[in-house]
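One structure is given below, encoded as structure tokens.
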Amino acid sequence: MSDLSLFRRLRRFALLGVVALALSSCVGMEGDSRGNQPLPAALVSQMSAKGMSQADPIVVRLYKKESELEVWKRDRSGQYALLKTYPMCRWSGQLGPKKREGDRQAPEGFYTVTPELMNPRSAYYLSYNLGYPNALEKAQGYTGSALMIHGACTSAGCYAMTDDGVTELYGLAREAFAGGQRSFQVQAFPFRMTPENLARHRSNPNIAFWRNLKEGSDHFEATRQPPRLATCGGRYVFNPAGDASAFVPGAPCPAYETDPEVASLVSARSARDEARLAELTGSTPAMSYALIDGGMHQSFRKLLRNIGPERMQPMVAGKVEISAPQAALADPYGGGDDGPQQASVTGSISPR
């Protein structure tokens, strides 16, 4: 099947999904053929320089505190490497998982995006659904629907990437699907899973959940492959050996081992981080932030402060208003406080 034929099939699937989701706060029926836009030549050149093609599979990683989204892509070595980091224009809620419909929380966890979750006719330019609630969240009784990565700069539980930003993100997913990837993993974290961040937030009531998320992050960082997922006992299990059908969401975890090839890589990385975390716990004050309503990357916050929401809106979001601009300006994180560990940020905020 040609790439064009496959894309037409994917687009038909996406349009069917729009009907069911049309009443969502993050989905609408406005739109045209915007989902067909080719990837920018500069981004394609960047892929080529890193040994990647448009058709290679992707993994997406989200960080609330830093207000950043990373796209990782498989290169010619067979491992995943960072392709590009995008500044996030808006996310809503607080640090922590989404638990109920209407809580304005942007989700945290591990999600699987399939072609039918792509929406080329989003009210927020383009979008893809994270698939919340996942199996673990369903087992815990969490509720919510249509939690998206989308364009514009407004959020009611979604991750808003600007229209220009989501155009690239949508195109990267579209080309990966056309290349044969059946689904891609989205890893959504409260912050970069460093010992420094865990030390600062060790008094947060979500710390046990976040340490479970760090296990998955460690698996990815150590192997440069998206971890295979299972759920049981109210937690994620990563790269279990053997038959994953033994794991039942909501049931106690069975006895299991991690794939031997993975276990040694992950344990070495985790041990280094645990030693550093123990060192920091004795010297780093525990911090807690009560956000007014989510965050915004420092690059967008600077623009918002300098020119105001009315002038900024057409630069990032077309006709869609920027949500809670005063709350965005009050974001206490400063776009991330990891200093040299923070990735270089690229992204477009040019007028549409």
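Here, A, B, ... name the chains of the structure tokens in the order displayed, residue numbers run from 1 inside each chain, and ligands are numbered from 1 in the same displayed order.
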Enumerate, as a tab-separated table (two decimals) with C-alpha atoms, in the first residue's frame, the complete set of residues in stretch 33-268 of chain A that a backbone-based DSSP assignment places in strand (DSSP E).
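Result written to selection_34.tsv:
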```
chain	number	residue	atom	x	y	z
A	58	ILE	CA	8.59	8.04	17.29
A	59	VAL	CA	8.18	8.36	21.07
A	60	VAL	CA	6.80	11.52	22.70
A	61	ARG	CA	7.84	12.67	26.18
A	62	LEU	CA	6.06	15.48	28.11
A	63	TYR	CA	7.30	17.44	31.13
A	68	GLU	CA	8.47	21.03	27.27
A	69	LEU	CA	7.65	18.22	24.86
A	70	GLU	CA	10.32	16.00	23.32
A	71	VAL	CA	10.02	13.92	20.15
A	72	TRP	CA	12.39	10.95	20.04
A	73	LYS	CA	12.83	9.03	16.81
A	74	ARG	CA	14.46	5.71	15.99
A	80	TYR	CA	15.71	6.13	19.80
A	81	ALA	CA	17.43	9.51	19.89
A	82	LEU	CA	16.13	12.98	20.67
A	83	LEU	CA	14.99	14.71	17.49
A	84	LYS	CA	13.55	17.96	18.81
A	85	THR	CA	12.31	19.68	21.97
A	86	TYR	CA	9.22	21.86	21.70
A	87	PRO	CA	8.22	24.62	24.14
A	90	ARG	CA	-0.07	25.97	28.01
A	91	TRP	CA	-1.03	23.14	30.33
A	109	GLY	CA	1.45	8.40	32.88
A	110	PHE	CA	2.14	6.16	29.89
A	111	TYR	CA	-0.22	6.31	26.91
A	112	THR	CA	-0.56	4.69	23.50
A	113	VAL	CA	-1.62	6.77	20.48
A	118	MET	CA	-5.54	11.50	15.35
A	119	ASN	CA	-7.88	14.44	14.67
A	120	PRO	CA	-7.14	16.58	11.58
A	121	ARG	CA	-10.23	18.73	12.26
A	122	SER	CA	-9.66	19.83	15.83
A	125	TYR	CA	-6.04	23.31	14.81
A	126	LEU	CA	-4.76	19.70	14.95
A	127	SER	CA	-4.67	17.19	17.78
A	128	TYR	CA	-4.16	13.64	18.90
A	129	ASN	CA	-5.91	12.00	21.82
A	148	MET	CA	-5.18	15.90	23.89
A	149	ILE	CA	-1.94	17.23	22.59
A	150	HIS	CA	-3.27	20.05	20.40
A	159	TYR	CA	-1.21	20.01	26.40
A	160	ALA	CA	-1.34	23.05	24.07
A	184	PHE	CA	3.47	5.32	19.51
A	185	GLN	CA	4.09	5.78	23.21
A	186	VAL	CA	3.54	9.05	25.03
A	187	GLN	CA	5.31	9.39	28.38
A	188	ALA	CA	3.84	12.24	30.45
A	189	PHE	CA	5.81	13.29	33.53
A	229	LEU	CA	3.99	-1.91	29.66
A	230	ALA	CA	1.93	-3.96	32.08
A	231	THR	CA	-0.20	-2.84	35.03
A	232	CYS	CA	-1.08	-4.46	38.34
A	235	ARG	CA	1.22	0.61	39.39
A	236	TYR	CA	3.00	0.30	36.07
A	237	VAL	CA	5.36	-2.61	35.39
A	238	PHE	CA	8.03	-2.13	32.72
```
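A straight line drawn from atom CA of A:Thr284 to atom CA of A:His201 is 9.9 Å long.
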Among the residues of stretch 8-209 of chain A, find those DSSP assigns to alpha helix (DSSP H) from the backbone and print them as a PyMOL selection string.
chain A and resi 8-21+41-49+135-139+163-178+195-200+207-209
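Distances to A:Glu101 were evaluated for A:Gly141, A:Arg76, A:Leu39, A:Gly282 using only C-alpha atoms, and the minimum falls at A:Gly141.
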Select, from A:Pro332, A:Gly233, A:Pro226, A:Gly151, the residue with the minimum atom-to-atom distance to A:His297, counting only C-alpha atoms.
A:Pro332
Please identify all polymer residues within 12 Å of A:Arg211, counting only C-alpha atoms, omitting same-chain residues fewer than 3 positions from it, and present them as JSON, numbers by chain.
{"A": [109, 189, 190, 191, 192, 193, 194, 195, 197, 198, 199, 201, 202, 204, 205, 206, 207, 208, 214, 215, 216, 217, 218, 235, 236, 270, 273, 274, 277]}
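The coordinates place atom CA of A:Glu116 at 28.8 Å from atom CA of A:Gly295.
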Could you work out how far atom CA of A:Ala152 lies from atom CA of A:Arg301, giving the answer in Å with one decimal?
14.4 Å
Kindly indicate which residue among A:Met47, A:Cys153, A:Ala178, A:Met296 lies nearest to A:Asp331, using only C-alpha atoms for the distances.
A:Met296
Using only C-alpha atoms, pick whichever of A:Gly294, A:Gly144, A:Pro240, A:Pro254 has the shortest atom-to-atom distance to A:Arg228.
A:Pro240
Taking 4 positions as the minimum chain separation for residues in the same chain, which residues sit within 12 Å of A:Asp163 when counting only C-alpha atoms? Answer as an MDAnalysis selection string.
chainID A and resid 34:35 88:89 122:127 149:154 167:170 313:320 347:352
